[in-house]
Amino acid sequence: MNSNPSNVMALTSTTSNKKETVCIFGTGDFGRALAYKMIQSGYSVVFGSRQAQISSLIPKGAEVLSHTEAAQKAPIIFIAIPRQHYNFLLPLAEVLHGKVLVDVSNNLKLNQYSQSNAEYLAQLIPGARVVKAFNTVSAWALQSGTLDASRQVFVCGDDKKAKQMVMDIVRALGLTPLDQGSLLAAQEIENYPLQLFPMWKFPIFLSLGLTVFFFFYSLILDVIYPYVNEKKDFSFFIAISIANRISPILALILLALVYLPGVLAAIIQLYRGTKYSRFPDWLDKWMLCRKQLGLVALAFAFLHVLYTLVMPIRNYVRWRVNGRVISQVLNNRTDPLNNTYAWLSDSYLALGILGFFLFVLLGITSLPSVSNSVNWREFRFVQSKLGYLTLILCTAHTLVYGGNRFLYASSYRWYLPNAYMLSLIIPCIVLVVKFVLVFPCLDKPLTRIRQGWERNPRYSE
Amino acid sequence: MNSNPSNVMALTSTTSNKKETVCIFGTGDFGRALAYKMIQSGYSVVFGSRQAQISSLIPKGAEVLSHTEAAQKAPIIFIAIPRQHYNFLLPLAEVLHGKVLVDVSNNLKLNQYSQSNAEYLAQLIPGARVVKAFNTVSAWALQSGTLDASRQVFVCGDDKKAKQMVMDIVRALGLTPLDQGSLLAAQEIENYPLQLFPMWKFPIFLSLGLTVFFFFYSLILDVIYPYVNEKKDFSFFIAISIANRISPILALILLALVYLPGVLAAIIQLYRGTKYSRFPDWLDKWMLCRKQLGLVALAFAFLHVLYTLVMPIRNYVRWRVNGRVISQVLNNRTDPLNNTYAWLSDSYLALGILGFFLFVLLGITSLPSVSNSVNWREFRFVQSKLGYLTLILCTAHTLVYGGNRFLYASSYRWYLPNAYMLSLIIPCIVLVVKFVLVFPCLDKPLTRIRQGWERNPRYSE
Amino acid sequence: MNSNPSNVMALTSTTSNKKETVCIFGTGDFGRALAYKMIQSGYSVVFGSRQAQISSLIPKGAEVLSHTEAAQKAPIIFIAIPRQHYNFLLPLAEVLHGKVLVDVSNNLKLNQYSQSNAEYLAQLIPGARVVKAFNTVSAWALQSGTLDASRQVFVCGDDKKAKQMVMDIVRALGLTPLDQGSLLAAQEIENYPLQLFPMWKFPIFLSLGLTVFFFFYSLILDVIYPYVNEKKDFSFFIAISIANRISPILALILLALVYLPGVLAAIIQLYRGTKYSRFPDWLDKWMLCRKQLGLVALAFAFLHVLYTLVMPIRNYVRWRVNGRVISQVLNNRTDPLNNTYAWLSDSYLALGILGFFLFVLLGITSLPSVSNSVNWREFRFVQSKLGYLTLILCTAHTLVYGGNRFLYASSYRWYLPNAYMLSLIIPCIVLVVKFVLVFPCLDKPLTRIRQGWERNPRYSE
């Protein structure tokens, strides 16, 4: 047993009983919010300000001193002032020597300056140990405590010890520090809060482009063609019929585009005989946004389901269905059940339902909290095996939906194929190539290459 | 390079090689579960108990001693006994001097005592360093390891060092400590596990009230009116028709109520010319439960979608649709397609589908794990821009659904407007005011105010 | 105020300003990826390799030395080589004495060796302090930074100090260390990345078995029976009709099986008069996979909803509905609205919608990030109260759907009950027993037992 446990504990506990003091330069919104949160978490806060007066806005318990006095009180100083005013720190260089300066600043635009604010600060006060942190947290979030947006605080700095001190404070405030390495990362950290879904840009622009293309394609075939040829006005097709033609096409194409880069990568690896050559840049980028592509595809699939399910409620569809009944009655005839049609109709619906079901499952497992709770093998199983099954089901759904329609001339208005046929090109290519790659004569060398084997080894241990 | 790295590491590692000993007073369910988990994580556990006997229930490896002996063995003592028995600690005051006492107790009711258990303990043993922690974790969760409910352990205490020691233990058990500040927070922490969705109370009671109101309103207009006037029994409308009338109304009203406080806040800020005055209390509270309001609205929208989509399967709807066909046939007449109706029907469905789609998107981004992975700008973009787009689409959906129905006297049974008209009031107000606020003459000063500018400055740096 | 804050801070910060050096044995994929990530996070990395040459694949900034030289440079050595080559470490035993050896290895199969790799390593080099870690992280995830799958790093080891050092590194890399206790846990940690949804196995196999049973049961009654008796070919029923018969049945049965073990446990506790006896093993296992059972049930419920909603679009259903209209017309007759049917149809749909709605709610609250943000009482409220309400609604939905059909001989083709009747057995048993257990004469003793009371006390404090 431990004869003297308190000694052990004395080593364990690393913070003093006395309240630590932190200094904040700048009494603006962010400085005050930070002070508020820190006082709440048990720190002593001292503000450095030009006017050493206590404003009613300063959080209760904080002291306001001159910059020099404040800086002397604490080993760590938060610089909560805009970059343009950094040079006022120059006269304080001596006081700031050896201190930890935390740069919390943000810019208004991406890459506004060639040098990040934190690096600029480090260059201005070479004797100080500059750490970039807290720029991703908003003043409002700090003050209200409703940290709906990220709890993550990116931290970087060249001085490990200084960084550790800042990260301890981050943790004490109930936030999660993420070490991003040296101060070189500051530029990226400063750009982070200015970004608007950077990973989503390509998938969204791609799907917008495809949407526009298929919209006009469908408009020509489904609205303009009957108007020109039969003088029928089907302009109301725009609201649902055409939307329900675009959404499944996009869902299928985008889903296939999720699996196309993997197939391309396999071909490249097989051709090169090694996995240690870098892929072309566009392939790398494509692979990194596969998740986003898949989720956009799921969104279109979801719209397709809704558009399809409201069909029986649509005025036009009811009119058409009723018209058929009335014509049967007026001709005094009862059509018997056509078993082939029943089979086709039921199986393309069933394939679509199962495909959508698996698609939703894929979507759920890509939620951060779900994907965090599965291991690597499970994640790959879901995203690869289940993913391909989804693609197969959705492609089959489209094929059965088309049936033998592609054989009839009426499907080729103005010699153009029906839009659904275009949507099948990429999925079919992906599935065929994948099917070929599964053959042992290709799968075996590929597996060996992925385990590190090289056809023309350049490196060995 | 580092010539003597092991010295560096000696500083780095802060815990001794020897097993740390913790003491637990109380061998009840929680005490034993805690001991079980701690032994698993590599601690030595010693129980303080009245009878120093080893019961079969005590986890293997734990020692049971008298309270005094046990307390002497460890620097940290978990008090796993009910508050009513705390005074038995009084004779031990001397042994407990300087020790860290961890109060893990919970009460049975909210605010059961005027003073929190932890503060009571601190007052009882003034020489000890009291830390409140672990009360939010259940014995069952500790023992079974299935921490489905929260992994978060709220910790508070006046002694930073003691708190740090407890937080280290929390981390070692695989849980997440959240520093809540001084012991004053203990009351709140003790109330936490007794709360039942406190943020949801207002949205749920509000929607219950509105549901009851619109239920009776619709009952009168849709069931009682035809019964009184035409002796028709439509009582079965209660199951779906009326439910499908209430749910979209509530979805729309609640969604508008999410954006109303923001609009009110803007008006107040414009009027006051500063953002530094506190909003009235009711507005503050309203703003804090916007997320919950929105999610309740989404729930009603989801119900509305389901109720709408089952329409064609309903016996009554089939009967009505078939009735129309039969009457057409019997009158030997085929109604032509009414293009205006087709347009209206398709566009209100399309607007509803797009509105619901965006609504689901908003719901998904409000999942904690998703909102944690976006930055502040992205979160605001989704919740504000996409949110208003959703409101616009849903309001348009209702307007187009109504069409010119409001012009006909038949829509005003017993001089009462149709229920859907009532639901449009708040959304239209919000959208009109928001539209006005977007004009530069109002938007510019508002933006400046939100950046800290004051019309009558009271404060400046 | 703090007169000498820098002293305090000197204690606080535990890491040196100088870069720490870590050593990695093995320059394979994982070793290089680890080095890459570590250099990024500010560590100095030195490789131990047989050939002390710098390959182009070695991350920039890393040194490559002989094993002995490399080991001397750092207090911590990552063994990134396969278990089969561990014995090459034997000659290095002296150099490795006192060093922290991190075993990052994985096996190819579950329980490939009787002894875990880490324990084998510890036995091989008795003087070293072995820690198991990092085996759950993939090389690809480390290098690309896209840690979609888990950020969790399980750590175990007999030496607390060594473990702490490794956990500090884990944190510095932006990952989450989870202390799993002593080196005995290594076997489990090594098995973890090889597992494929172990908790899901029972629910999935059970539902597969039930699916097969009900598929053939329905095939016999719905396809083979009409074919044999009436020579009608309904084989297309397989695609949707039978699927839509199986999915609600499975959803209901699996949902009931979620609540059955709780009811059984209550009976056992009441019978034994104590909660301190272990439940039989099968009951324990059953209780641990209730969440998975519930989610599989939700998946079937989701399929049921989709299958039901596409009904009006199905060719067969349209044909049948139109057939009825035509027969009415041809017989020159207009069926009046049957109020009872309208009531039954609407109420079973409404019950189903509400049941599904609550079911989805239960599913959402079981998402890790949602369940992490509710307290224990809220979690129990949702999973127990709302769960039972869901079960009641779904059972009522099935009962009303059946109506008085069970009274008619036509429901018993070949003397077999309709499949939906079989699905009601378990839910009704669960609900009846639960209803009985709610009576005070049983509820009171049960509550006391669950609070720790024992009828024949074996233990007391």
# chains A, B, ... in the order shown; residues from 1 in each chain; ligands from 1
>>> residues_around(residues="Phe300 (chain A)", least_positions_apart="3", cutoff="10 Å", atoms="only C-alpha atoms", output="VMD selection string")
(chain A and resid 207 243 to 244 246 to 252 254 294 to 297 303 to 306) or (chain B and resid 357)
>>> write_last_selection(atoms="all heavy atoms", output="tab-separated table (two decimals), in the first residue's frame")
chain	number	residue	atom	x	y	z
A	207	SER	N	-23.42	19.69	-58.91
A	207	SER	CA	-24.82	19.29	-58.98
A	207	SER	C	-25.68	20.43	-59.52
A	207	SER	O	-26.66	20.18	-60.22
A	207	SER	CB	-25.33	18.82	-57.62
A	207	SER	OG	-25.13	19.81	-56.66
A	243	ALA	N	-38.94	18.23	-61.93
A	243	ALA	CA	-38.13	18.14	-60.72
A	243	ALA	C	-37.92	16.68	-60.34
A	243	ALA	O	-36.83	16.27	-59.92
A	243	ALA	CB	-38.80	18.89	-59.57
A	244	ASN	N	-38.96	15.87	-60.51
A	244	ASN	CA	-38.85	14.46	-60.17
A	244	ASN	C	-38.11	13.67	-61.23
A	244	ASN	O	-37.85	12.48	-61.07
A	244	ASN	CB	-40.26	13.87	-59.97
A	244	ASN	CG	-40.21	12.55	-59.23
A	244	ASN	OD1	-39.20	12.25	-58.59
A	244	ASN	ND2	-41.25	11.77	-59.33
A	246	ILE	N	-35.28	15.23	-62.63
A	246	ILE	CA	-33.91	15.67	-62.37
A	246	ILE	C	-33.35	15.00	-61.11
A	246	ILE	O	-32.23	14.51	-61.09
A	246	ILE	CB	-33.87	17.20	-62.19
A	246	ILE	CG1	-34.29	17.90	-63.48
A	246	ILE	CG2	-32.49	17.66	-61.77
A	246	ILE	CD1	-34.51	19.38	-63.31
A	247	SER	N	-34.17	14.97	-60.04
A	247	SER	CA	-33.62	14.54	-58.75
A	247	SER	C	-33.12	13.08	-58.78
A	247	SER	O	-32.02	12.82	-58.30
A	247	SER	CB	-34.60	14.80	-57.62
A	247	SER	OG	-35.87	14.34	-57.92
A	248	PRO	N	-33.87	12.11	-59.35
A	248	PRO	CA	-33.29	10.76	-59.35
A	248	PRO	C	-32.06	10.66	-60.23
A	248	PRO	O	-31.11	9.95	-59.89
A	248	PRO	CB	-34.43	9.89	-59.89
A	248	PRO	CG	-35.31	10.82	-60.63
A	248	PRO	CD	-35.22	12.13	-59.93
A	249	ILE	N	-32.06	11.41	-61.36
A	249	ILE	CA	-30.89	11.37	-62.25
A	249	ILE	C	-29.66	11.87	-61.51
A	249	ILE	O	-28.60	11.25	-61.53
A	249	ILE	CB	-31.17	12.23	-63.51
A	249	ILE	CG1	-32.18	11.51	-64.40
A	249	ILE	CG2	-29.88	12.52	-64.26
A	249	ILE	CD1	-32.63	12.33	-65.59
A	250	LEU	N	-29.81	12.99	-60.79
A	250	LEU	CA	-28.67	13.53	-60.07
A	250	LEU	C	-28.23	12.62	-58.94
A	250	LEU	O	-27.03	12.45	-58.70
A	250	LEU	CB	-28.95	14.95	-59.57
A	250	LEU	CG	-28.35	15.95	-60.55
A	250	LEU	CD1	-29.37	16.40	-61.53
A	250	LEU	CD2	-27.65	17.05	-59.85
A	251	ALA	N	-29.23	12.07	-58.24
A	251	ALA	CA	-28.88	11.16	-57.14
A	251	ALA	C	-28.03	10.02	-57.66
A	251	ALA	O	-26.99	9.68	-57.08
A	251	ALA	CB	-30.15	10.64	-56.48
A	252	LEU	N	-28.44	9.44	-58.78
A	252	LEU	CA	-27.73	8.28	-59.31
A	252	LEU	C	-26.34	8.66	-59.82
A	252	LEU	O	-25.34	8.00	-59.51
A	252	LEU	CB	-28.55	7.65	-60.44
A	252	LEU	CG	-28.02	6.32	-60.97
A	252	LEU	CD1	-27.93	5.30	-59.87
A	252	LEU	CD2	-28.93	5.81	-62.08
A	254	LEU	N	-24.46	11.29	-59.03
A	254	LEU	CA	-23.55	11.70	-57.94
A	254	LEU	C	-23.11	10.48	-57.12
A	254	LEU	O	-21.97	10.39	-56.70
A	254	LEU	CB	-24.23	12.74	-57.05
A	254	LEU	CG	-24.48	14.10	-57.71
A	254	LEU	CD1	-25.24	15.02	-56.76
A	254	LEU	CD2	-23.17	14.75	-58.12
A	294	GLY	N	-21.64	12.15	-51.78
A	294	GLY	CA	-22.64	11.16	-51.40
A	294	GLY	C	-23.81	11.80	-50.68
A	294	GLY	O	-24.97	11.44	-50.90
A	295	LEU	N	-23.54	12.78	-49.82
A	295	LEU	CA	-24.63	13.40	-49.07
A	295	LEU	C	-25.51	14.25	-49.97
A	295	LEU	O	-26.73	14.30	-49.80
A	295	LEU	CB	-24.08	14.21	-47.90
A	295	LEU	CG	-23.50	13.35	-46.78
A	295	LEU	CD1	-22.83	14.20	-45.71
A	295	LEU	CD2	-24.58	12.49	-46.14
A	296	VAL	N	-24.89	14.93	-50.96
A	296	VAL	CA	-25.71	15.68	-51.92
A	296	VAL	C	-26.57	14.70	-52.71
A	296	VAL	O	-27.76	14.95	-52.95
A	296	VAL	CB	-24.82	16.53	-52.86
A	296	VAL	CG1	-25.65	17.18	-53.95
A	296	VAL	CG2	-24.08	17.59	-52.07
A	297	ALA	N	-25.99	13.56	-53.09
A	297	ALA	CA	-26.77	12.54	-53.81
A	297	ALA	C	-27.95	12.10	-52.94
A	297	ALA	O	-29.08	11.94	-53.43
A	297	ALA	CB	-25.87	11.36	-54.14
A	303	LEU	N	-35.44	14.03	-52.13
A	303	LEU	CA	-36.40	14.82	-52.90
A	303	LEU	C	-37.17	13.92	-53.87
A	303	LEU	O	-38.38	14.06	-54.03
A	303	LEU	CB	-35.66	15.92	-53.68
A	303	LEU	CG	-35.27	17.14	-52.86
A	303	LEU	CD1	-34.45	18.10	-53.70
A	303	LEU	CD2	-36.50	17.86	-52.34
A	304	HIS	N	-36.45	13.01	-54.52
A	304	HIS	CA	-37.09	12.10	-55.47
A	304	HIS	C	-38.19	11.28	-54.78
A	304	HIS	O	-39.29	11.11	-55.32
A	304	HIS	CB	-36.02	11.18	-56.06
A	304	HIS	CG	-36.56	10.05	-56.87
A	304	HIS	ND1	-37.50	10.22	-57.86
A	304	HIS	CD2	-36.29	8.71	-56.83
A	304	HIS	CE1	-37.79	9.04	-58.40
A	304	HIS	NE2	-37.07	8.12	-57.79
A	305	VAL	N	-37.88	10.81	-53.55
A	305	VAL	CA	-38.88	10.03	-52.81
A	305	VAL	C	-40.10	10.88	-52.53
A	305	VAL	O	-41.25	10.46	-52.76
A	305	VAL	CB	-38.26	9.49	-51.50
A	305	VAL	CG1	-39.33	8.94	-50.58
A	305	VAL	CG2	-37.22	8.44	-51.80
A	306	LEU	N	-39.90	12.11	-52.05
A	306	LEU	CA	-41.04	12.98	-51.74
A	306	LEU	C	-41.84	13.28	-53.00
A	306	LEU	O	-43.07	13.19	-53.02
A	306	LEU	CB	-40.55	14.28	-51.10
A	306	LEU	CG	-40.04	14.16	-49.66
A	306	LEU	CD1	-39.54	15.51	-49.17
A	306	LEU	CD2	-41.14	13.67	-48.73
B	357	PHE	N	-37.85	19.77	-47.18
B	357	PHE	CA	-36.48	19.34	-47.41
B	357	PHE	C	-35.49	20.25	-46.67
B	357	PHE	O	-34.62	19.78	-45.94
B	357	PHE	CB	-36.20	19.36	-48.91
B	357	PHE	CG	-34.77	19.16	-49.27
B	357	PHE	CD1	-34.19	17.91	-49.14
B	357	PHE	CD2	-33.99	20.21	-49.72
B	357	PHE	CE1	-32.86	17.72	-49.47
B	357	PHE	CE2	-32.67	20.03	-50.04
B	357	PHE	CZ	-32.10	18.79	-49.91
>>> closest_atom_pairs(of="chain B", to="chain A", cutoff="8 Å", atoms="only C-alpha atoms", output="Markdown table")
| residue | atom | partner | partner_atom | distance |
| --- | --- | --- | --- | --- |
| B:Thr14 | CA | A:Thr12 | CA | 5.3 |
| B:Thr15 | CA | A:Thr12 | CA | 5.3 |
| B:Ser16 | CA | A:Val8 | CA | 6.5 |
| B:Lys18 | CA | A:Asn2 | CA | 7.8 |
| B:Lys19 | CA | A:Asn2 | CA | 7.8 |
| B:Glu20 | CA | A:Pro5 | CA | 7.1 |
| B:Thr21 | CA | A:Pro5 | CA | 7.0 |
| B:Lys73 | CA | A:Pro5 | CA | 6.9 |
| B:Ala74 | CA | A:Pro5 | CA | 5.9 |
| B:Pro75 | CA | A:Ser6 | CA | 5.4 |
| B:Asp159 | CA | A:Asn17 | CA | 5.9 |
| B:Lys160 | CA | A:Asn17 | CA | 5.3 |
| B:Lys161 | CA | A:Asn17 | CA | 5.1 |
| B:Ala162 | CA | A:Ser13 | CA | 7.7 |
| B:Gln164 | CA | A:Ser13 | CA | 6.3 |
| B:Met165 | CA | A:Ser13 | CA | 5.7 |
| B:Leu178 | CA | A:Gly174 | CA | 5.5 |
| B:Asp179 | CA | A:Ala172 | CA | 6.0 |
| B:Gln180 | CA | A:Ser41 | CA | 6.4 |
| B:Gly181 | CA | A:Ser41 | CA | 4.4 |
| B:Ser182 | CA | A:Gly42 | CA | 6.7 |
| B:Tyr276 | CA | A:Leu57 | CA | 7.9 |
| B:Leu309 | CA | A:Val310 | CA | 6.3 |
| B:Met311 | CA | A:Ile313 | CA | 7.7 |
| B:Pro312 | CA | A:Pro312 | CA | 6.5 |
| B:Val325 | CA | A:Asn322 | CA | 6.2 |
| B:Gln328 | CA | A:Ile326 | CA | 7.9 |
| B:Val329 | CA | A:Ile326 | CA | 6.2 |
| B:Thr334 | CA | A:Gly323 | CA | 7.3 |
| B:Leu337 | CA | A:Trp319 | CA | 6.7 |
| B:Asn339 | CA | A:Phe236 | CA | 7.6 |
| B:Tyr341 | CA | A:Asn315 | CA | 6.9 |
| B:Ala342 | CA | A:Asn315 | CA | 5.4 |
| B:Trp343 | CA | A:Phe236 | CA | 5.0 |
| B:Ser345 | CA | A:Asn315 | CA | 5.9 |
| B:Asp346 | CA | A:Ala239 | CA | 5.8 |
| B:Ser347 | CA | A:Ala239 | CA | 5.5 |
| B:Leu349 | CA | A:Val310 | CA | 7.5 |
| B:Ala350 | CA | A:Ala239 | CA | 5.9 |
| B:Ile353 | CA | A:Leu306 | CA | 6.6 |
| B:Leu354 | CA | A:Leu303 | CA | 7.8 |
| B:Phe357 | CA | A:Leu303 | CA | 7.1 |
| B:Ser366 | CA | A:Asp148 | CA | 8.0 |
| B:Pro368 | CA | A:Asp148 | CA | 7.2 |
| B:Ser369 | CA | A:Ser369 | CA | 5.5 |
| B:Val370 | CA | A:Pro368 | CA | 6.5 |
| B:Ser371 | CA | A:Ala149 | CA | 5.1 |
| B:Asn372 | CA | A:Ser150 | CA | 4.1 |
| B:Ser373 | CA | A:Ser150 | CA | 6.0 |
| B:Val374 | CA | A:Ser150 | CA | 6.4 |
| B:Asn375 | CA | A:Pro193 | CA | 5.6 |
| B:Trp376 | CA | A:Ala149 | CA | 5.7 |
| B:Arg377 | CA | A:Pro193 | CA | 6.3 |
| B:Glu378 | CA | A:Leu196 | CA | 5.5 |
| B:Phe379 | CA | A:Ala149 | CA | 6.3 |
| B:Gly452 | CA | A:Asp29 | CA | 7.7 |
| B:Tyr459 | CA | A:Ser55 | CA | 6.8 |
| B:Glu461 | CA | A:Gln51 | CA | 6.9 |
>>> write_last_selection(atoms="C-alpha atoms", output="PDB file, in the first residue's frame")
ATOM      1  CA  THR B  14       3.150  13.828 -13.856  1.00  0.00           C
ATOM      2  CA  THR B  15       1.786  10.671 -12.335  1.00  0.00           C
ATOM      3  CA  SER B  16       3.779   8.257 -10.296  1.00  0.00           C
ATOM      4  CA  LYS B  18       2.938   3.558  -8.023  1.00  0.00           C
ATOM      5  CA  LYS B  19      -0.797   3.035  -7.988  1.00  0.00           C
ATOM      6  CA  GLU B  20      -2.676   5.977  -6.576  1.00  0.00           C
ATOM      7  CA  THR B  21      -5.044   5.266  -3.744  1.00  0.00           C
ATOM      8  CA  LYS B  73      -4.686   6.126   3.265  1.00  0.00           C
ATOM      9  CA  ALA B  74      -5.663   8.557   0.517  1.00  0.00           C
ATOM     10  CA  PRO B  75      -5.526  12.255  -0.244  1.00  0.00           C
ATOM     11  CA  ASP B 159      -9.849  24.846  -4.692  1.00  0.00           C
ATOM     12  CA  LYS B 160      -8.317  24.728  -8.158  1.00  0.00           C
ATOM     13  CA  LYS B 161      -5.738  22.130  -7.208  1.00  0.00           C
ATOM     14  CA  ALA B 162      -8.297  19.812  -5.682  1.00  0.00           C
ATOM     15  CA  GLN B 164      -7.624  19.384 -10.972  1.00  0.00           C
ATOM     16  CA  MET B 165      -7.018  16.172  -9.046  1.00  0.00           C
ATOM     17  CA  LEU B 178     -16.430  19.966 -17.444  1.00  0.00           C
ATOM     18  CA  ASP B 179     -15.183  22.653 -15.081  1.00  0.00           C
ATOM     19  CA  GLN B 180     -18.155  24.642 -13.825  1.00  0.00           C
ATOM     20  CA  GLY B 181     -16.237  27.078 -11.637  1.00  0.00           C
ATOM     21  CA  SER B 182     -16.537  27.595  -7.908  1.00  0.00           C
ATOM     22  CA  TYR B 276     -25.159  47.001 -25.007  1.00  0.00           C
ATOM     23  CA  LEU B 309     -48.917  11.033 -47.902  1.00  0.00           C
ATOM     24  CA  MET B 311     -54.281  10.419 -47.987  1.00  0.00           C
ATOM     25  CA  PRO B 312     -54.703   8.253 -51.103  1.00  0.00           C
ATOM     26  CA  VAL B 325     -65.394   9.505 -61.330  1.00  0.00           C
ATOM     27  CA  GLN B 328     -68.696  11.988 -64.343  1.00  0.00           C
ATOM     28  CA  VAL B 329     -69.454   8.658 -65.971  1.00  0.00           C
ATOM     29  CA  THR B 334     -65.224  13.681 -69.287  1.00  0.00           C
ATOM     30  CA  LEU B 337     -57.615  18.937 -67.617  1.00  0.00           C
ATOM     31  CA  ASN B 339     -54.394  23.754 -66.389  1.00  0.00           C
ATOM     32  CA  TYR B 341     -55.707  23.677 -61.081  1.00  0.00           C
ATOM     33  CA  ALA B 342     -52.827  21.500 -62.277  1.00  0.00           C
ATOM     34  CA  TRP B 343     -50.435  24.423 -61.824  1.00  0.00           C
ATOM     35  CA  SER B 345     -51.838  21.731 -57.124  1.00  0.00           C
ATOM     36  CA  ASP B 346     -48.333  21.005 -58.392  1.00  0.00           C
ATOM     37  CA  SER B 347     -46.795  24.223 -57.161  1.00  0.00           C
ATOM     38  CA  LEU B 349     -46.927  20.480 -53.392  1.00  0.00           C
ATOM     39  CA  ALA B 350     -43.527  21.444 -54.824  1.00  0.00           C
ATOM     40  CA  ILE B 353     -41.609  19.473 -50.556  1.00  0.00           C
ATOM     41  CA  LEU B 354     -38.773  21.999 -50.910  1.00  0.00           C
ATOM     42  CA  PHE B 357     -36.478  19.339 -47.413  1.00  0.00           C
ATOM     43  CA  SER B 366     -28.761  21.157 -35.256  1.00  0.00           C
ATOM     44  CA  PRO B 368     -24.790  18.295 -31.695  1.00  0.00           C
ATOM     45  CA  SER B 369     -22.181  16.314 -33.611  1.00  0.00           C
ATOM     46  CA  VAL B 370     -22.949  18.108 -36.872  1.00  0.00           C
ATOM     47  CA  SER B 371     -23.088  21.613 -35.423  1.00  0.00           C
ATOM     48  CA  ASN B 372     -19.790  20.878 -33.674  1.00  0.00           C
ATOM     49  CA  SER B 373     -18.076  20.258 -36.976  1.00  0.00           C
ATOM     50  CA  VAL B 374     -19.030  23.489 -38.710  1.00  0.00           C
ATOM     51  CA  ASN B 375     -17.536  26.891 -38.022  1.00  0.00           C
ATOM     52  CA  TRP B 376     -19.474  29.850 -36.741  1.00  0.00           C
ATOM     53  CA  ARG B 377     -20.022  31.405 -40.157  1.00  0.00           C
ATOM     54  CA  GLU B 378     -21.340  28.160 -41.596  1.00  0.00           C
ATOM     55  CA  PHE B 379     -23.658  27.605 -38.647  1.00  0.00           C
ATOM     56  CA  GLY B 452     -20.354  47.892 -31.390  1.00  0.00           C
ATOM     57  CA  TYR B 459     -18.389  53.740 -23.374  1.00  0.00           C
ATOM     58  CA  GLU B 461     -11.832  52.551 -25.590  1.00  0.00           C
TER      59      GLU B 461
END
>>> residues_around(residues="region 417-425 of chain B", least_positions_apart="4", cutoff="6 Å", atoms="only C-alpha atoms", output="PDB file with C-alpha atoms, in the first residue's frame")
ATOM      1  CA  ILE B 249     -50.512  25.144 -38.825  1.00  0.00           C
ATOM      2  CA  ILE B 253     -46.465  29.158 -36.528  1.00  0.00           C
ATOM      3  CA  SER B 411     -64.557  29.668 -46.462  1.00  0.00           C
ATOM      4  CA  TYR B 412     -66.097  31.569 -43.567  1.00  0.00           C
TER       5      TYR B 412
END
>>> residues_around(residues="region 385-402 of chain A", least_positions_apart="5", cutoff="7 Å", atoms="only C-alpha atoms", output="ChimeraX atom specification")
/A:252,255-256,344,348,351-352,355,358-359,424,427
>>> residues_around(residues="Phe30 (chain A)", least_positions_apart="6", cutoff="9 Å", atoms="only C-alpha atoms", output="number ranges by chain")
A: 80-81, 104, 138-140, 142
>>> write_last_selection(atoms="C-alpha atoms", output="mmCIF file, in the first residue's frame")
data_model
loop_
_atom_site.group_PDB
_atom_site.id
_atom_site.type_symbol
_atom_site.label_atom_id
_atom_site.label_comp_id
_atom_site.auth_asym_id
_atom_site.auth_seq_id
_atom_site.Cartn_x
_atom_site.Cartn_y
_atom_site.Cartn_z
ATOM 1 C CA ALA A 80 -7.877 41.018 -28.244
ATOM 2 C CA ILE A 81 -7.331 43.999 -30.535
ATOM 3 C CA VAL A 104 -7.150 35.682 -30.944
ATOM 4 C CA SER A 138 -17.357 33.818 -31.137
ATOM 5 C CA ALA A 139 -17.783 36.389 -28.379
ATOM 6 C CA TRP A 140 -21.471 35.624 -28.270
ATOM 7 C CA LEU A 142 -18.420 32.551 -24.969
#
>>> select_by_dssp(residues="region 111-249 of chain B", states="helix (DSSP H, G or I)", output="MDAnalysis selection string")
chainID B and resid 117:124 139:144 160:172 183:194 198:230 235:238 243:249
